[in-house]
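Participant: Please find target.csv (CSV, C-alpha atoms) on the next line:
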```csv
chain,number,residue,atom,x,y,z
A,1,MET,CA,58.2,-21.6,66.6
A,2,ASP,CA,58.2,-23.7,63.5
A,3,ILE,CA,59.3,-27.3,63.6
A,4,GLN,CA,62.0,-28.0,61.0
A,5,LEU,CA,62.3,-31.6,59.9
A,6,ILE,CA,65.4,-33.1,58.3
A,7,ASN,CA,65.3,-36.3,56.1
A,8,ILE,CA,68.1,-38.6,57.3
A,9,GLY,CA,67.5,-41.2,54.7
A,10,PHE,CA,65.0,-43.9,53.7
A,11,GLY,CA,62.1,-41.6,54.7
A,12,ASN,CA,63.3,-41.2,58.3
A,13,ILE,CA,62.9,-37.7,59.6
A,14,VAL,CA,64.4,-35.9,62.6
A,15,SER,CA,63.5,-32.6,64.3
A,16,ALA,CA,66.3,-30.2,63.5
A,17,ASN,CA,65.6,-28.3,66.7
A,18,ARG,CA,66.7,-31.3,68.8
A,19,VAL,CA,70.0,-32.0,66.9
A,20,VAL,CA,73.2,-31.2,68.8
A,21,ALA,CA,75.8,-32.8,66.5
A,22,ILE,CA,76.2,-34.8,63.3
A,23,VAL,CA,79.4,-36.8,63.4
A,24,SER,CA,81.2,-39.6,61.6
A,25,PRO,CA,81.1,-43.0,63.4
A,26,GLU,CA,84.8,-43.8,62.8
A,27,SER,CA,86.4,-42.7,66.1
A,28,ALA,CA,86.6,-44.8,69.3
A,29,PRO,CA,84.8,-42.2,71.4
A,30,ILE,CA,81.8,-42.1,69.0
A,31,LYS,CA,81.7,-45.9,69.0
A,32,ARG,CA,81.6,-45.8,72.8
A,33,ILE,CA,78.8,-43.3,72.7
A,34,ILE,CA,76.9,-45.6,70.3
A,35,SER,CA,77.4,-48.7,72.6
A,36,ASP,CA,76.4,-46.6,75.7
A,37,ALA,CA,73.2,-45.5,74.0
A,38,LYS,CA,72.4,-49.0,73.0
A,39,GLU,CA,72.8,-50.1,76.7
A,40,ARG,CA,70.5,-47.2,77.8
A,41,GLY,CA,67.9,-48.0,75.2
A,42,GLN,CA,68.4,-44.6,73.5
A,43,LEU,CA,69.9,-45.8,70.2
A,44,ILE,CA,67.8,-45.4,67.1
A,45,ASP,CA,69.1,-47.3,64.1
A,46,ALA,CA,67.8,-45.7,60.9
A,47,THR,CA,70.3,-47.4,58.5
A,48,TYR,CA,67.9,-50.1,57.2
A,49,GLY,CA,70.8,-52.6,57.5
A,50,ARG,CA,73.3,-50.5,55.6
A,51,ARG,CA,76.6,-49.2,56.8
A,52,THR,CA,76.4,-46.4,59.4
A,53,ARG,CA,77.9,-43.2,57.9
A,54,SER,CA,76.7,-40.6,60.3
A,55,VAL,CA,75.7,-40.4,63.9
A,56,ILE,CA,73.2,-37.8,65.0
A,57,VAL,CA,73.3,-36.7,68.7
A,58,THR,CA,70.1,-35.1,70.1
A,59,ASP,CA,69.6,-32.9,73.1
A,60,SER,CA,67.7,-35.8,74.8
A,61,SER,CA,70.8,-38.0,74.6
A,62,HIS,CA,69.3,-40.2,71.9
A,63,ILE,CA,71.8,-41.4,69.3
A,64,ILE,CA,70.5,-41.8,65.8
A,65,LEU,CA,72.4,-43.8,63.2
A,66,SER,CA,72.0,-42.9,59.5
A,67,ALA,CA,73.3,-44.4,56.3
A,68,ILE,CA,74.0,-41.1,54.6
A,69,GLN,CA,77.1,-39.0,55.0
A,70,PRO,CA,77.3,-36.4,57.7
A,71,GLU,CA,77.9,-33.7,55.1
A,72,THR,CA,74.7,-34.6,53.3
A,73,VAL,CA,72.7,-34.5,56.6
A,74,ALA,CA,74.3,-31.1,57.4
A,75,HIS,CA,73.6,-29.8,53.9
A,76,ARG,CA,69.9,-30.7,54.3
A,77,PHE,CA,69.9,-29.0,57.7
A,78,VAL,CA,71.3,-25.8,56.2
A,79,ILE,CA,68.9,-25.9,53.2
A,80,GLY,CA,65.9,-26.3,55.5
A,81,LYS,CA,67.0,-23.3,57.6
A,82,ASP,CA,67.4,-21.3,54.3
A,83,GLU,CA,63.9,-22.2,53.2
A,84,GLN,CA,62.5,-21.3,56.6
A,85,ALA,CA,64.2,-17.9,56.5
A,86,ALA,CA,62.8,-17.2,53.1
A,87,ASN,CA,59.2,-17.7,54.3
```
I need this file expressed as structure tokens, please.
Facilitator:
Amino acid sequence: MDIQLINIGFGNIVSANRVVAIVSPESAPIKRIISDAKERGQLIDATYGRRTRSVIVTDSSHIILSAIQPETVAHRFVIGKDEQAAN
């Protein structure tokens, strides 16, 4: 099994195999998920002080904040899978 890594901005990388969802941070339920993860110590802020544009949920219940759009993260996810399939 190959490990696929996805760049989520500013040189931060996430294992694609662990990603469950990539969502926008705008809704109240997502904001609640973020605050709950912060309380549990499972929030990873990879925004470098910029505005949070996407929230990445992992299978270990970690929540990762990114400053790039969810569509961009998803696109990188798909491109990585395409490259892996080509090899």
Participant: As a list in words, please: the residues near Arg51 in chain A (cut-off 10 Å, all atoms listed in the file, same-chain neighbours under 3 positions excluded).
Facilitator: Thr47, Tyr48, Ser54, Leu65, Ser66, Ala67 and Ile68 of chain A
Participant: Which residue is closest to His62 in chain A? Choose from A:Ser27, A:Gln42, A:Asn12, A:Asn17 and count only C-alpha atoms.
Facilitator: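 Smallest separation from His62 in chain A among the options: A:Gln42.
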Participant: For Ile8 in chain A, which of A:Ala28, A:Ala86, A:Val73, A:Val23 is the closest residue, counting only C-alpha atoms?
Facilitator: A:Val73
Participant: Would you mind telling me which residue in A:Ser35, A:Ala16, A:Asp2, A:Gly41 lies nearest to Phe77 in chain A when using only C-alpha atoms?
Facilitator: A:Ala16
Participant: Select, from A:Asp82, A:Arg32, A:Ala37, A:Gly9, the residue with the minimum atom-to-atom distance to Thr52 in chain A, counting only C-alpha atoms.
Facilitator: A:Gly9
Participant: Restricting the calculation to all atoms listed in the file: of A:Phe10, A:Ile63, A:Ile22, A:Val57, which residue gets closest to His75 in chain A?
Facilitator: A:Ile22
Participant: Ranking A:Ile3, A:Ile79, A:Ala74, A:Val55 by minimum distance to Ile34 in chain A and counting only C-alpha atoms, which one comes first?
Facilitator: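 For Ile34 in chain A, the nearest of the given residues is A:Val55.
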Participant: Quick one: pull the distance between CA of Ile64 in chain A and CA of Ile13 in chain A, Å, one decimal.
Facilitator: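 CA of Ile64 in chain A sits 10.6 Å away from CA of Ile13 in chain A.
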Participant: Mind checking which residues fall within 6 Å of Ser15 in chain A, counting all atoms listed in the file, ignoring those fewer than 2 positions away in the same chain, and posting them as a PyMOL selection string?
Facilitator: chain A and resi 4-5+17-18
Participant: If you measure from CA of Val19 in chain A to CA of Ile44 in chain A, what distance in Å do you get, rounded to one decimal?
Facilitator: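 According to the coordinates, CA of Val19 in chain A and CA of Ile44 in chain A are separated by 13.6 Å.
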Participant: So the first atom is CA of Ile33 in chain A and the second is CA of Arg53 in chain A; what is the distance between them in Å, to one decimal place?
Facilitator: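 Separation of CA of Ile33 in chain A and CA of Arg53 in chain A: 14.8 Å.
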Participant: Please export range 63-80 of chain A as a PDB file, in the first residue's frame, restricted to N, CA, C and O atoms.
Facilitator:
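Saved file decode.pdb follows:
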```pdb
ATOM      1  N   ILE A  63      -8.989  17.204  13.548  1.00  0.00           N
ATOM      2  CA  ILE A  63      -9.540  18.224  12.670  1.00  0.00           C
ATOM      3  C   ILE A  63      -8.380  19.120  12.260  1.00  0.00           C
ATOM      4  O   ILE A  63      -7.660  19.637  13.111  1.00  0.00           O
ATOM      5  N   ILE A  64      -8.200  19.288  10.951  1.00  0.00           N
ATOM      6  CA  ILE A  64      -7.093  20.089  10.423  1.00  0.00           C
ATOM      7  C   ILE A  64      -7.676  21.298   9.713  1.00  0.00           C
ATOM      8  O   ILE A  64      -8.548  21.159   8.853  1.00  0.00           O
ATOM      9  N   LEU A  65      -7.190  22.487  10.095  1.00  0.00           N
ATOM     10  CA  LEU A  65      -7.630  23.724   9.461  1.00  0.00           C
ATOM     11  C   LEU A  65      -6.615  24.127   8.397  1.00  0.00           C
ATOM     12  O   LEU A  65      -5.410  24.087   8.641  1.00  0.00           O
ATOM     13  N   SER A  66      -7.108  24.502   7.230  1.00  0.00           N
ATOM     14  CA  SER A  66      -6.245  24.915   6.132  1.00  0.00           C
ATOM     15  C   SER A  66      -6.718  26.249   5.577  1.00  0.00           C
ATOM     16  O   SER A  66      -7.913  26.554   5.603  1.00  0.00           O
ATOM     17  N   ALA A  67      -5.782  27.021   5.042  1.00  0.00           N
ATOM     18  CA  ALA A  67      -6.107  28.325   4.479  1.00  0.00           C
ATOM     19  C   ALA A  67      -6.401  28.259   2.989  1.00  0.00           C
ATOM     20  O   ALA A  67      -6.594  29.295   2.353  1.00  0.00           O
ATOM     21  N   ILE A  68      -6.451  27.057   2.416  1.00  0.00           N
ATOM     22  CA  ILE A  68      -6.798  26.953   0.999  1.00  0.00           C
ATOM     23  C   ILE A  68      -8.216  26.397   0.850  1.00  0.00           C
ATOM     24  O   ILE A  68      -8.730  25.737   1.739  1.00  0.00           O
ATOM     25  N   GLN A  69      -8.825  26.694  -0.271  1.00  0.00           N
ATOM     26  CA  GLN A  69     -10.220  26.338  -0.518  1.00  0.00           C
ATOM     27  C   GLN A  69     -10.412  24.810  -0.527  1.00  0.00           C
ATOM     28  O   GLN A  69      -9.528  24.075  -0.976  1.00  0.00           O
ATOM     29  N   PRO A  70     -11.587  24.336  -0.069  1.00  0.00           N
ATOM     30  CA  PRO A  70     -11.865  22.893  -0.103  1.00  0.00           C
ATOM     31  C   PRO A  70     -11.742  22.298  -1.506  1.00  0.00           C
ATOM     32  O   PRO A  70     -11.254  21.180  -1.668  1.00  0.00           O
ATOM     33  N   GLU A  71     -12.152  23.062  -2.520  1.00  0.00           N
ATOM     34  CA  GLU A  71     -12.074  22.574  -3.897  1.00  0.00           C
ATOM     35  C   GLU A  71     -10.629  22.344  -4.323  1.00  0.00           C
ATOM     36  O   GLU A  71     -10.330  21.389  -5.038  1.00  0.00           O
ATOM     37  N   THR A  72      -9.731  23.224  -3.868  1.00  0.00           N
ATOM     38  CA  THR A  72      -8.310  23.092  -4.203  1.00  0.00           C
ATOM     39  C   THR A  72      -7.720  21.860  -3.535  1.00  0.00           C
ATOM     40  O   THR A  72      -6.982  21.096  -4.166  1.00  0.00           O
ATOM     41  N   VAL A  73      -8.054  21.652  -2.271  1.00  0.00           N
ATOM     42  CA  VAL A  73      -7.569  20.459  -1.555  1.00  0.00           C
ATOM     43  C   VAL A  73      -8.099  19.207  -2.247  1.00  0.00           C
ATOM     44  O   VAL A  73      -7.351  18.258  -2.503  1.00  0.00           O
ATOM     45  N   ALA A  74      -9.379  19.196  -2.577  1.00  0.00           N
ATOM     46  CA  ALA A  74      -9.990  18.039  -3.234  1.00  0.00           C
ATOM     47  C   ALA A  74      -9.337  17.786  -4.594  1.00  0.00           C
ATOM     48  O   ALA A  74      -9.089  16.638  -4.964  1.00  0.00           O
ATOM     49  N   HIS A  75      -9.049  18.860  -5.325  1.00  0.00           N
ATOM     50  CA  HIS A  75      -8.402  18.727  -6.629  1.00  0.00           C
ATOM     51  C   HIS A  75      -7.021  18.079  -6.472  1.00  0.00           C
ATOM     52  O   HIS A  75      -6.658  17.193  -7.247  1.00  0.00           O
ATOM     53  N   ARG A  76      -6.266  18.503  -5.473  1.00  0.00           N
ATOM     54  CA  ARG A  76      -4.954  17.908  -5.215  1.00  0.00           C
ATOM     55  C   ARG A  76      -5.096  16.438  -4.837  1.00  0.00           C
ATOM     56  O   ARG A  76      -4.258  15.612  -5.176  1.00  0.00           O
ATOM     57  N   PHE A  77      -6.155  16.133  -4.131  1.00  0.00           N
ATOM     58  CA  PHE A  77      -6.452  14.758  -3.725  1.00  0.00           C
ATOM     59  C   PHE A  77      -6.669  13.900  -4.968  1.00  0.00           C
ATOM     60  O   PHE A  77      -6.103  12.817  -5.095  1.00  0.00           O
ATOM     61  N   VAL A  78      -7.475  14.386  -5.908  1.00  0.00           N
ATOM     62  CA  VAL A  78      -7.800  13.650  -7.139  1.00  0.00           C
ATOM     63  C   VAL A  78      -6.568  13.520  -8.033  1.00  0.00           C
ATOM     64  O   VAL A  78      -6.303  12.446  -8.569  1.00  0.00           O
ATOM     65  N   ILE A  79      -5.799  14.595  -8.168  1.00  0.00           N
ATOM     66  CA  ILE A  79      -4.590  14.548  -9.002  1.00  0.00           C
ATOM     67  C   ILE A  79      -3.613  13.522  -8.450  1.00  0.00           C
ATOM     68  O   ILE A  79      -3.025  12.750  -9.192  1.00  0.00           O
ATOM     69  N   GLY A  80      -3.464  13.481  -7.133  1.00  0.00           N
ATOM     70  CA  GLY A  80      -2.573  12.511  -6.513  1.00  0.00           C
ATOM     71  C   GLY A  80      -3.019  11.084  -6.796  1.00  0.00           C
ATOM     72  O   GLY A  80      -2.200  10.205  -7.059  1.00  0.00           O
TER      73      GLY A  80
END
```
